[in-house]
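Asks: Pasting protein_16.cif here (mmCIF, C-alpha atoms):
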data_run
loop_
_atom_site.label_atom_id
_atom_site.label_comp_id
_atom_site.auth_asym_id
_atom_site.auth_seq_id
_atom_site.Cartn_x
_atom_site.Cartn_y
_atom_site.Cartn_z
CA MET A 1 -15.62 -6.09 -27.84
CA ALA A 2 -14.46 -9.34 -26.30
CA PHE A 3 -13.86 -8.82 -22.62
CA HIS A 4 -13.27 -11.98 -20.69
CA ILE A 5 -13.37 -11.70 -16.90
CA LYS A 6 -11.05 -14.06 -15.05
CA PRO A 7 -10.97 -14.21 -11.25
CA GLU A 8 -7.43 -12.84 -11.33
CA ILE A 9 -8.17 -10.01 -13.76
CA ARG A 10 -5.55 -7.28 -13.30
CA ILE A 11 -7.11 -4.06 -12.02
CA LEU A 12 -5.49 -0.71 -11.28
CA GLY A 13 -7.32 1.24 -8.55
CA ILE A 14 -6.43 4.94 -8.33
CA ASP A 15 -7.07 7.28 -5.42
CA ASP A 16 -5.78 10.64 -4.25
CA SER A 17 -4.68 12.02 -0.90
CA ALA A 18 -5.89 14.78 1.37
CA LEU A 19 -5.63 18.36 0.11
CA ILE A 20 -2.69 19.59 2.15
CA SER A 21 -0.61 21.16 -0.62
CA ASP A 22 -0.92 22.28 -4.25
CA ASP A 23 0.61 19.06 -5.52
CA ILE A 24 -1.72 16.18 -4.75
CA LEU A 25 -0.36 12.64 -4.50
CA ILE A 26 -2.24 10.05 -6.52
CA VAL A 27 -1.61 6.36 -5.91
CA GLY A 28 -2.26 3.36 -8.15
CA ALA A 29 -2.75 -0.06 -6.54
CA PHE A 30 -2.23 -2.83 -9.09
CA PHE A 31 -4.27 -5.87 -8.08
CA ARG A 32 -4.96 -9.42 -9.18
CA GLY A 33 -8.74 -9.51 -8.93
CA GLY A 34 -9.71 -8.61 -5.40
CA GLN A 35 -7.00 -10.67 -3.76
CA TRP A 36 -3.42 -9.74 -4.25
CA LEU A 37 -1.56 -6.43 -4.41
CA ASP A 38 1.04 -6.81 -7.12
CA GLY A 39 2.41 -3.31 -7.50
CA VAL A 40 2.18 0.29 -6.35
CA MET A 41 2.70 3.41 -8.45
CA ARG A 42 2.29 7.11 -7.84
CA SER A 43 2.10 10.41 -9.60
CA SER A 44 0.91 13.88 -8.69
CA ILE A 45 -1.66 16.31 -10.02
CA ARG A 46 -2.39 19.98 -9.37
CA ARG A 47 -4.99 20.79 -6.75
CA ASP A 48 -8.09 22.05 -8.62
CA GLY A 49 -6.02 21.84 -11.80
CA MET A 50 -6.88 20.42 -15.22
CA ASP A 51 -4.13 17.84 -15.57
CA ALA A 52 -5.66 14.73 -13.94
CA THR A 53 -6.60 12.94 -17.19
CA GLU A 54 -3.19 13.42 -18.75
CA ARG A 55 -1.23 12.64 -15.57
CA ILE A 56 -3.20 9.45 -14.85
CA ALA A 57 -2.88 8.29 -18.47
CA LYS A 58 0.87 8.88 -18.30
CA MET A 59 1.22 7.01 -14.99
CA VAL A 60 -0.64 4.06 -16.52
CA THR A 61 1.12 3.91 -19.89
CA SER A 62 4.59 4.34 -18.41
CA SER A 63 4.07 1.55 -15.85
CA LYS A 64 5.85 -1.77 -16.26
CA HIS A 65 2.44 -3.36 -15.70
CA TYR A 66 0.91 -1.47 -18.65
CA GLY A 67 0.42 -4.56 -20.85
CA GLN A 68 -1.38 -6.40 -18.05
CA ILE A 69 -3.88 -3.86 -16.69
CA LYS A 70 -7.35 -4.83 -17.92
CA VAL A 71 -9.44 -2.29 -15.98
CA ILE A 72 -8.77 1.12 -14.43
CA MET A 73 -10.96 1.91 -11.40
CA LEU A 74 -11.51 5.48 -10.26
CA ASP A 75 -13.03 6.84 -7.06
CA GLY A 76 -15.33 9.42 -8.66
CA VAL A 77 -14.35 11.61 -11.63
CA THR A 78 -12.70 14.50 -9.77
CA TYR A 79 -9.32 14.15 -8.10
CA GLY A 80 -7.29 16.66 -6.09
CA GLY A 81 -10.31 18.84 -5.41
CA PHE A 82 -12.03 19.52 -8.74
CA ASN A 83 -9.41 18.33 -11.20
CA PRO A 84 -11.72 16.35 -13.55
CA VAL A 85 -10.86 13.05 -15.22
CA ASP A 86 -12.19 12.63 -18.76
CA ILE A 87 -12.85 8.90 -18.63
CA VAL A 88 -13.53 8.66 -22.37
CA SER A 89 -10.13 10.21 -23.14
CA LEU A 90 -8.50 8.05 -20.48
CA TYR A 91 -9.95 4.94 -22.10
CA GLU A 92 -8.97 6.08 -25.60
CA GLY A 93 -5.49 7.11 -24.53
CA THR A 94 -4.70 3.93 -22.62
CA GLU A 95 -6.99 1.49 -24.46
CA ILE A 96 -7.98 0.20 -21.01
CA PRO A 97 -11.65 0.25 -19.92
CA VAL A 98 -12.44 2.60 -17.04
CA ILE A 99 -14.94 2.03 -14.21
CA VAL A 100 -15.81 4.91 -11.89
CA ILE A 101 -17.09 3.93 -8.41
CA MET A 102 -19.24 6.20 -6.25
CA ARG A 103 -20.87 5.56 -2.87
CA GLU A 104 -23.62 8.04 -3.70
CA VAL A 105 -25.10 9.66 -6.77
CA PRO A 106 -23.20 12.94 -7.08
CA ASP A 107 -25.19 16.13 -6.60
CA LEU A 108 -24.54 17.88 -9.92
CA GLU A 109 -26.08 21.17 -8.81
CA LYS A 110 -23.71 21.33 -5.84
CA ILE A 111 -20.79 20.49 -8.08
CA LYS A 112 -21.75 23.22 -10.55
CA ASP A 113 -21.88 25.74 -7.69
CA ALA A 114 -18.41 24.72 -6.53
CA LEU A 115 -17.04 24.86 -10.10
CA SER A 116 -18.26 28.44 -10.50
CA ASN A 117 -15.47 29.55 -8.15
CA LEU A 118 -12.77 27.96 -10.30
CA PRO A 119 -11.25 28.76 -13.72
CA ASP A 120 -12.86 27.00 -16.72
CA PRO A 121 -16.11 25.95 -15.00
CA GLU A 122 -17.81 25.00 -18.32
CA GLU A 123 -14.90 22.83 -19.42
CA ARG A 124 -14.80 21.07 -16.04
CA SER A 125 -18.54 20.55 -16.13
CA ARG A 126 -18.34 19.15 -19.68
CA ILE A 127 -15.66 16.64 -18.64
CA ILE A 128 -17.64 15.55 -15.58
CA LEU A 129 -20.81 15.05 -17.65
CA ARG A 130 -18.86 13.14 -20.28
CA ALA A 131 -18.57 10.24 -17.80
CA GLY A 132 -22.17 9.48 -18.81
CA ALA A 133 -24.97 7.46 -17.30
CA ILE A 134 -24.79 6.45 -13.65
CA THR A 135 -25.79 2.85 -12.90
CA ARG A 136 -26.74 1.40 -9.54
CA VAL A 137 -24.83 -1.81 -8.78
CA VAL A 138 -25.04 -4.25 -5.90
CA SER A 139 -21.44 -4.96 -4.98
CA LYS A 140 -21.18 -7.02 -1.78
CA ASP A 141 -23.86 -5.58 0.46
CA LEU A 142 -27.43 -5.81 -0.84
CA LEU A 143 -28.54 -2.92 1.37
CA ASN A 144 -25.69 -0.66 0.28
CA PRO A 145 -25.65 -0.40 -3.49
CA ILE A 146 -22.87 1.59 -5.13
CA PHE A 147 -22.96 3.58 -8.35
CA ILE A 148 -20.76 3.31 -11.41
CA GLN A 149 -19.94 5.05 -14.66
CA CYS A 150 -18.03 3.32 -17.45
CA ALA A 151 -15.98 3.92 -20.56
CA GLY A 152 -14.92 1.09 -22.86
CA ILE A 153 -16.89 -1.57 -20.98
CA ASP A 154 -20.63 -2.21 -20.71
CA THR A 155 -22.30 -1.78 -17.34
CA GLU A 156 -23.13 -5.46 -16.97
CA LYS A 157 -19.52 -6.55 -17.34
CA ALA A 158 -18.40 -3.63 -15.17
CA GLY A 159 -20.78 -4.81 -12.44
CA GLU A 160 -19.19 -8.25 -12.62
CA VAL A 161 -15.71 -6.78 -12.20
CA VAL A 162 -16.92 -4.70 -9.24
CA ARG A 163 -18.44 -7.73 -7.49
CA LEU A 164 -15.46 -9.95 -8.20
CA SER A 165 -13.01 -7.41 -6.75
CA SER A 166 -15.05 -6.37 -3.69
CA THR A 167 -13.61 -9.09 -1.47
CA ARG A 168 -13.32 -7.13 1.77
CA GLY A 169 -16.28 -4.81 1.69
CA ASN A 170 -18.53 -2.83 -0.54
CA VAL A 171 -15.74 -1.04 -2.38
CA PRO A 172 -13.43 -2.93 -4.76
CA GLU A 173 -10.17 -3.91 -3.09
CA PRO A 174 -7.92 -2.01 -5.55
CA LEU A 175 -9.65 1.25 -4.57
CA ARG A 176 -9.80 0.43 -0.84
CA VAL A 177 -6.06 -0.21 -0.81
CA ALA A 178 -5.14 2.79 -3.03
CA HIS A 179 -7.08 4.95 -0.57
CA MET A 180 -5.25 3.52 2.46
CA ILE A 181 -1.86 4.03 0.85
CA ALA A 182 -2.57 7.62 -0.28
CA THR A 183 -3.98 8.76 3.07
CA GLY A 184 -1.40 6.77 5.08
CA ILE A 185 1.53 8.31 3.23
CA ILE A 186 0.22 11.88 3.30
CA CYS A 187 -1.49 11.96 6.71
CA GLY A 188 0.90 9.62 8.56
CA GLU A 189 -1.78 7.00 9.04
CA SER A 190 -4.59 5.80 6.78
CA ARG A 191 -8.09 7.01 7.54
CA GLY A 192 -11.58 7.26 6.09
CA LYS A 193 -12.94 5.16 3.27
CA ALA A 194 -12.35 5.09 -0.47
CA MET B 195 4.19 -15.91 28.00
CA ALA B 196 0.87 -16.84 26.50
CA PHE B 197 0.92 -16.12 22.81
CA HIS B 198 -2.01 -17.49 20.92
CA ILE B 199 -1.75 -17.47 17.11
CA LYS B 200 -5.02 -16.94 15.28
CA PRO B 201 -5.21 -17.02 11.48
CA GLU B 202 -6.13 -13.34 11.52
CA ILE B 203 -3.39 -12.29 13.94
CA ARG B 204 -2.65 -8.58 13.41
CA ILE B 205 0.86 -8.02 12.10
CA LEU B 206 2.66 -4.76 11.31
CA GLY B 207 5.28 -5.18 8.57
CA ILE B 208 7.78 -2.32 8.31
CA ASP B 209 10.05 -1.52 5.37
CA ASP B 210 12.04 1.45 4.17
CA SER B 211 12.51 3.09 0.78
CA ALA B 212 15.46 3.67 -1.50
CA LEU B 213 18.24 5.96 -0.28
CA ILE B 214 17.54 9.04 -2.36
CA SER B 215 17.66 11.67 0.39
CA ASP B 216 18.78 12.10 4.00
CA ASP B 217 15.27 11.53 5.29
CA ILE B 218 14.25 7.95 4.58
CA LEU B 219 10.56 7.03 4.36
CA ILE B 220 9.53 4.02 6.42
CA VAL B 221 6.16 2.40 5.84
CA GLY B 222 4.09 0.19 8.12
CA ALA B 223 1.57 -2.20 6.55
CA PHE B 224 -0.97 -3.35 9.13
CA PHE B 225 -2.28 -6.78 8.17
CA ARG B 226 -4.77 -9.37 9.31
CA GLY B 227 -2.67 -12.52 9.10
CA GLY B 228 -1.39 -12.84 5.55
CA GLN B 229 -4.64 -11.83 3.93
CA TRP B 230 -5.94 -8.37 4.37
CA LEU B 231 -4.31 -4.93 4.46
CA ASP B 232 -6.12 -2.98 7.16
CA GLY B 233 -4.05 0.14 7.52
CA VAL B 234 -0.98 2.02 6.31
CA MET B 235 1.29 4.27 8.38
CA ARG B 236 4.54 6.05 7.74
CA SER B 237 7.35 7.83 9.45
CA SER B 238 10.88 8.82 8.52
CA ILE B 239 14.36 8.14 9.85
CA ARG B 240 17.77 9.67 9.13
CA ARG B 241 19.92 7.96 6.53
CA ASP B 242 22.74 6.18 8.42
CA GLY B 243 21.39 7.79 11.59
CA MET B 244 20.75 6.32 15.03
CA ASP B 245 17.04 7.07 15.41
CA ALA B 246 15.39 4.02 13.80
CA THR B 247 14.47 2.26 17.08
CA GLU B 248 12.91 5.34 18.61
CA ARG B 249 11.12 6.45 15.41
CA ILE B 250 9.66 3.00 14.75
CA ALA B 251 8.54 2.65 18.39
CA LYS B 252 6.86 6.04 18.18
CA MET B 253 5.11 5.21 14.89
CA VAL B 254 3.77 2.01 16.46
CA THR B 255 2.67 3.40 19.82
CA SER B 256 1.00 6.48 18.31
CA SER B 257 -0.99 4.40 15.79
CA LYS B 258 -4.72 3.97 16.23
CA HIS B 259 -4.05 0.25 15.71
CA TYR B 260 -1.62 0.12 18.64
CA GLY B 261 -3.85 -2.02 20.89
CA GLN B 262 -4.32 -4.58 18.12
CA ILE B 263 -0.82 -5.19 16.75
CA LYS B 264 0.39 -8.58 18.01
CA VAL B 265 3.66 -8.85 16.06
CA ILE B 266 6.05 -6.35 14.46
CA MET B 267 7.94 -7.72 11.45
CA LEU B 268 11.17 -6.13 10.27
CA ASP B 269 13.15 -6.63 7.07
CA GLY B 270 16.58 -7.01 8.65
CA VAL B 271 17.81 -4.90 11.59
CA THR B 272 19.22 -1.93 9.69
CA TYR B 273 17.00 0.61 7.99
CA GLY B 274 17.86 3.70 5.93
CA GLY B 275 21.36 2.47 5.25
CA PHE B 276 22.95 1.50 8.60
CA ASN B 277 20.46 2.98 11.05
CA PRO B 278 20.19 -0.02 13.44
CA VAL B 279 17.00 -1.20 15.13
CA ASP B 280 17.45 -2.46 18.69
CA ILE B 281 14.78 -5.16 18.61
CA VAL B 282 14.98 -5.81 22.35
CA SER B 283 14.30 -2.13 23.09
CA LEU B 284 11.59 -2.07 20.44
CA TYR B 285 9.89 -5.04 22.11
CA GLU B 286 10.27 -3.53 25.57
CA GLY B 287 9.09 -0.10 24.50
CA THR B 288 6.04 -1.30 22.59
CA GLU B 289 5.37 -4.57 24.48
CA ILE B 290 4.87 -6.15 21.05
CA PRO B 291 7.02 -9.15 19.98
CA VAL B 292 9.38 -8.47 17.07
CA ILE B 293 10.34 -10.89 14.28
CA VAL B 294 13.19 -9.96 11.92
CA ILE B 295 13.11 -11.60 8.48
CA MET B 296 16.19 -12.09 6.30
CA ARG B 297 16.60 -13.83 2.95
CA GLU B 298 20.21 -14.63 3.76
CA VAL B 299 22.41 -14.87 6.81
CA PRO B 300 23.99 -11.42 7.08
CA ASP B 301 27.75 -11.22 6.58
CA LEU B 302 28.82 -9.64 9.88
CA GLU B 303 32.38 -9.02 8.73
CA LYS B 304 31.14 -7.04 5.74
CA ILE B 305 28.77 -5.10 7.98
CA LYS B 306 31.58 -4.27 10.43
CA ASP B 307 33.68 -2.97 7.55
CA ALA B 308 30.83 -0.75 6.38
CA LEU B 309 30.19 0.50 9.92
CA SER B 310 33.81 1.58 10.31
CA ASN B 311 33.11 4.46 7.92
CA LEU B 312 30.26 5.78 10.08
CA PRO B 313 30.08 7.50 13.46
CA ASP B 314 29.57 5.22 16.48
CA PRO B 315 30.59 1.94 14.83
CA GLU B 316 30.79 0.06 18.16
CA GLU B 317 27.35 1.19 19.27
CA ARG B 318 25.83 0.22 15.90
CA SER B 319 27.57 -3.14 16.03
CA ARG B 320 26.34 -3.74 19.59
CA ILE B 321 22.73 -3.00 18.55
CA ILE B 322 22.95 -5.29 15.52
CA LEU B 323 24.39 -8.15 17.61
CA ARG B 324 21.72 -7.61 20.26
CA ALA B 325 19.18 -9.06 17.80
CA GLY B 326 20.63 -12.42 18.85
CA ALA B 327 20.57 -15.89 17.37
CA ILE B 328 19.63 -16.38 13.73
CA THR B 329 17.27 -19.27 13.03
CA ARG B 330 16.60 -20.93 9.69
CA VAL B 331 12.88 -21.23 8.95
CA VAL B 332 10.99 -22.83 6.10
CA SER B 333 8.33 -20.32 5.16
CA LYS B 334 6.48 -21.35 2.00
CA ASP B 335 9.19 -22.70 -0.25
CA LEU B 336 11.08 -25.75 1.07
CA LEU B 337 14.04 -25.02 -1.18
CA ASN B 338 14.27 -21.37 -0.12
CA PRO B 339 14.47 -21.13 3.65
CA ILE B 340 14.52 -17.72 5.25
CA PHE B 341 16.21 -16.60 8.45
CA ILE B 342 14.74 -14.94 11.50
CA GLN B 343 15.68 -13.21 14.72
CA CYS B 344 13.18 -12.62 17.52
CA ALA B 345 12.51 -10.56 20.61
CA GLY B 346 9.60 -11.30 22.94
CA ILE B 347 8.56 -14.46 21.10
CA ASP B 348 10.20 -17.87 20.85
CA THR B 349 11.49 -19.04 17.50
CA GLU B 350 8.97 -21.85 17.18
CA LYS B 351 5.99 -19.50 17.53
CA ALA B 352 7.73 -16.94 15.31
CA GLY B 353 8.11 -19.59 12.61
CA GLU B 354 4.38 -20.29 12.83
CA VAL B 355 3.58 -16.60 12.37
CA VAL B 356 5.96 -16.43 9.39
CA ARG B 357 4.36 -19.43 7.68
CA LEU B 358 0.83 -18.26 8.40
CA SER B 359 1.49 -14.83 6.90
CA SER B 360 3.50 -15.93 3.85
CA THR B 361 0.42 -16.35 1.66
CA ARG B 362 1.85 -15.02 -1.62
CA GLY B 363 5.43 -16.11 -1.55
CA ASN B 364 8.37 -16.78 0.69
CA VAL B 365 8.23 -13.44 2.48
CA PRO B 366 5.37 -12.61 4.87
CA GLU B 367 2.67 -10.53 3.19
CA PRO B 368 2.96 -7.57 5.61
CA LEU B 369 6.61 -7.11 4.60
CA ARG B 370 5.99 -7.75 0.89
CA VAL B 371 3.32 -5.06 0.84
CA ALA B 372 5.26 -2.56 3.02
CA HIS B 373 8.12 -2.93 0.54
CA MET B 374 5.88 -2.29 -2.48
CA ILE B 375 4.37 0.79 -0.89
CA ALA B 376 7.70 2.29 0.20
CA THR B 377 9.43 1.74 -3.16
CA GLY B 378 6.32 2.69 -5.16
CA ILE B 379 5.91 6.00 -3.35
CA ILE B 380 9.58 6.99 -3.45
CA CYS B 381 10.61 5.59 -6.85
CA GLY B 382 7.32 6.17 -8.69
CA GLU B 383 6.69 2.46 -9.10
CA SER B 384 7.34 -0.50 -6.83
CA ARG B 385 10.34 -2.69 -7.57
CA GLY B 386 12.56 -5.38 -6.12
CA LYS B 387 11.65 -7.66 -3.26
CA ALA B 388 11.27 -7.16 0.48
#
Let me see whether you can do it: turn the structure in this file into structure tokens.

Replies:
Amino acid sequence: MAFHIKPEIRILGIDDSALISDDILIVGAFFRGGQWLDGVMRSSIRRDGMDATERIAKMVTSSKHYGQIKVIMLDGVTYGGFNPVDIVSLYEGTEIPVIVIMREVPDLEKIKDALSNLPDPEERSRIILRAGAITRVVSKDLLNPIFIQCAGIDTEKAGEVVRLSSTRGNVPEPLRVAHMIATGIICGESRGKA
Amino acid sequence: MAFHIKPEIRILGIDDSALISDDILIVGAFFRGGQWLDGVMRSSIRRDGMDATERIAKMVTSSKHYGQIKVIMLDGVTYGGFNPVDIVSLYEGTEIPVIVIMREVPDLEKIKDALSNLPDPEERSRIILRAGAITRVVSKDLLNPIFIQCAGIDTEKAGEVVRLSSTRGNVPEPLRVAHMIATGIICGESRGKA
């Protein structure tokens, strides 16, 4: 596919809030590249539920910015506890490429253990594995690589988008800001890192 | 007083959300100059209540960023309907200078009419007038001046802070972003202008 990366490429970063109720706030920060917040949207998903993919897709497609968003960025593939995002379905449903950002390679054995206490562990596991190969990427800090998974975009282009949007640190600005908004609104003041 | 303006001066922009309940969300966007969102905080005030000054002061002084905030920016002096902010008290209570931003000179006759339907109209009116002289300032757009009121900072320095932080448009970035967060969280998607 043709995927041209401009410095002001519109990116939607999505993060969730702390687990303090059964309805978990998710926040979308709509950015121009790594520079300029141009919109904020929110939705909610069930804690440890199975609705994250559908709810995120709906938040994206019903947004007034939906024609402009060129990349969706996720902070891992589970939101609201272990509510898994099927990034292939999210890409197919929205027609927007998806890049998943992780600070560390996830420990799949640990995740499988945790899933065994929840309904539908095999289905959750299948969705998590569907995110595919994990690629190491140098974002801003050579000594602190991050890890990505992609749907609808090749890893080389995805790495370019990550570097271009990581203006303030090692994590792309749309995710850094979505994290601050979600934790700030739910906890009273932002904390931790995306 | 000595008030040195660095490009990365820490500014807290505060805005409120739409009036859809009796508890109104207020959001603080903690910025480095006009560039970089460094924190998000929130509190709530009563719609048409009298607690805005106290609630905002408490949000500011209980923040982990409280030693760093050099300027508080407000979008007008009434929040959550006609809940007035006493900017002199806010300055005295927090020891942080306050700059009020307005797109237009407020119509005091209209405001007095609206206040007459609420409890304590004289007290509200007194607090609103206490914000003092309104000064016309050119922010970014020569043809679209904005208007400011100040406490704890002279108008010339306040104008400098306004210009320095208006990186994306005519309204300082801390207020533009606080507005997007507050409306995005309450309405589902950000809308309108600070």

Asks: Which residues of chain B are close to chain A, meaning at most 8 Å apart when you count only C-alpha atoms, and how do they look as a list in words?

Replies: Val221, Trp230, Leu231, Gly233, Val234, Met235, Arg236, Ser237, Ser257, Arg362, Val371, Met374, Ile375, Gly378, Ile379, Gly382, Glu383, Ser384 and Arg385 of chain B

Asks: B:Ile239, B:Ala388, B:Ile205, B:Leu284: which is nearest B:Arg297, counting only C-alpha atoms?

Replies: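 Among B:Ile239, B:Ala388, B:Ile205, B:Leu284, it is B:Ala388 that comes nearest to B:Arg297.
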
Asks: Give me, as a list in words, all polymer residues having an atom no more than 6 Å from stretch 74-85 of chain A, counting all atoms listed in the file and skipping those fewer than 3 positions away in the same chain.

Replies: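 Non-adjacent residues within range: Ile14, Ile24, Arg47, Asp48, Gly49, Met50, Ala52, Thr53, Val100, Ile101 and Met102 of chain A.
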
Asks: Report, in Å with one decimal, the straight-line distance from atom CA of B:Arg324 to atom CA of B:Tyr285.

Replies: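 Straight-line distance from atom CA of B:Arg324 to atom CA of B:Tyr285 works out to 12.2 Å.
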
Asks: Would you mind telling me which residue in B:Leu337, B:Asp301, B:Val292, B:Glu316 lies nearest to B:Thr349 when using all atoms listed in the file?

Replies: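 Smallest separation from B:Thr349 among the options: B:Val292.
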
Asks: Applied to this file, what does the PyMOL selection byres ((chain A and resi 139) around 12) return in terms of residues, put as number ranges by chain?

Replies: A: 101-103, 135-138, 140-148, 158-173

Asks: List as a PyMOL selection string: which residues have an atom within 10 Å of (-5.5, -3.9, -12.6), counting only C-alpha atoms?

Replies: chain A and resi 8-14+28-34+37-39+65-66+68-73+96+174

Asks: Which distance in Å separates atom CA of A:Pro97 and atom CA of A:Ile153, to one decimal?

Replies: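 Computing the Euclidean distance for atom CA of A:Pro97 and atom CA of A:Ile153 yields 5.6 Å.
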
Asks: Report the distance between atom CA of A:Lys112 and atom CA of A:Ser44 in Å, rounded to one decimal place.

Replies: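 Taking atom CA of A:Lys112 as the start and atom CA of A:Ser44 as the end point, the length is 24.6 Å.
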
Asks: I need the output of the PyMOL selection byres ((chain A and resi 131) around 9) for this file as an MDAnalysis selection string; which residues are they?

Replies: chainID A and resid 77 85:88 100 127:130 132:134 149:151

Asks: Restricted to C-alpha atoms, what would the selected residues look like written as a short mmCIF file (atom, residue, chain, number, x, y, z; two decimals), in the coordinates of the input?

Replies:
data_model
loop_
_atom_site.label_atom_id
_atom_site.label_comp_id
_atom_site.auth_asym_id
_atom_site.auth_seq_id
_atom_site.Cartn_x
_atom_site.Cartn_y
_atom_site.Cartn_z
CA VAL A 77 -14.35 11.61 -11.63
CA VAL A 85 -10.86 13.05 -15.22
CA ASP A 86 -12.19 12.63 -18.76
CA ILE A 87 -12.85 8.90 -18.63
CA VAL A 88 -13.53 8.66 -22.37
CA VAL A 100 -15.81 4.91 -11.89
CA ILE A 127 -15.66 16.64 -18.64
CA ILE A 128 -17.64 15.55 -15.58
CA LEU A 129 -20.81 15.05 -17.65
CA ARG A 130 -18.86 13.14 -20.28
CA GLY A 132 -22.17 9.48 -18.81
CA ALA A 133 -24.97 7.46 -17.30
CA ILE A 134 -24.79 6.45 -13.65
CA GLN A 149 -19.94 5.05 -14.66
CA CYS A 150 -18.03 3.32 -17.45
CA ALA A 151 -15.98 3.92 -20.56
#

Asks: Would you mind telling me which residue in A:Asp23, A:Leu115, A:Ile5, A:Glu156 lies nearest to A:Arg46 when using all atoms listed in the file?

Replies: A:Asp23

Asks: Using all atoms listed in the file, which of B:Leu369, B:Ala251, B:Asp210, B:Pro201 sits nearest B:Glu286?

Replies: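 So, comparing all the options, the nearest one is B:Ala251.
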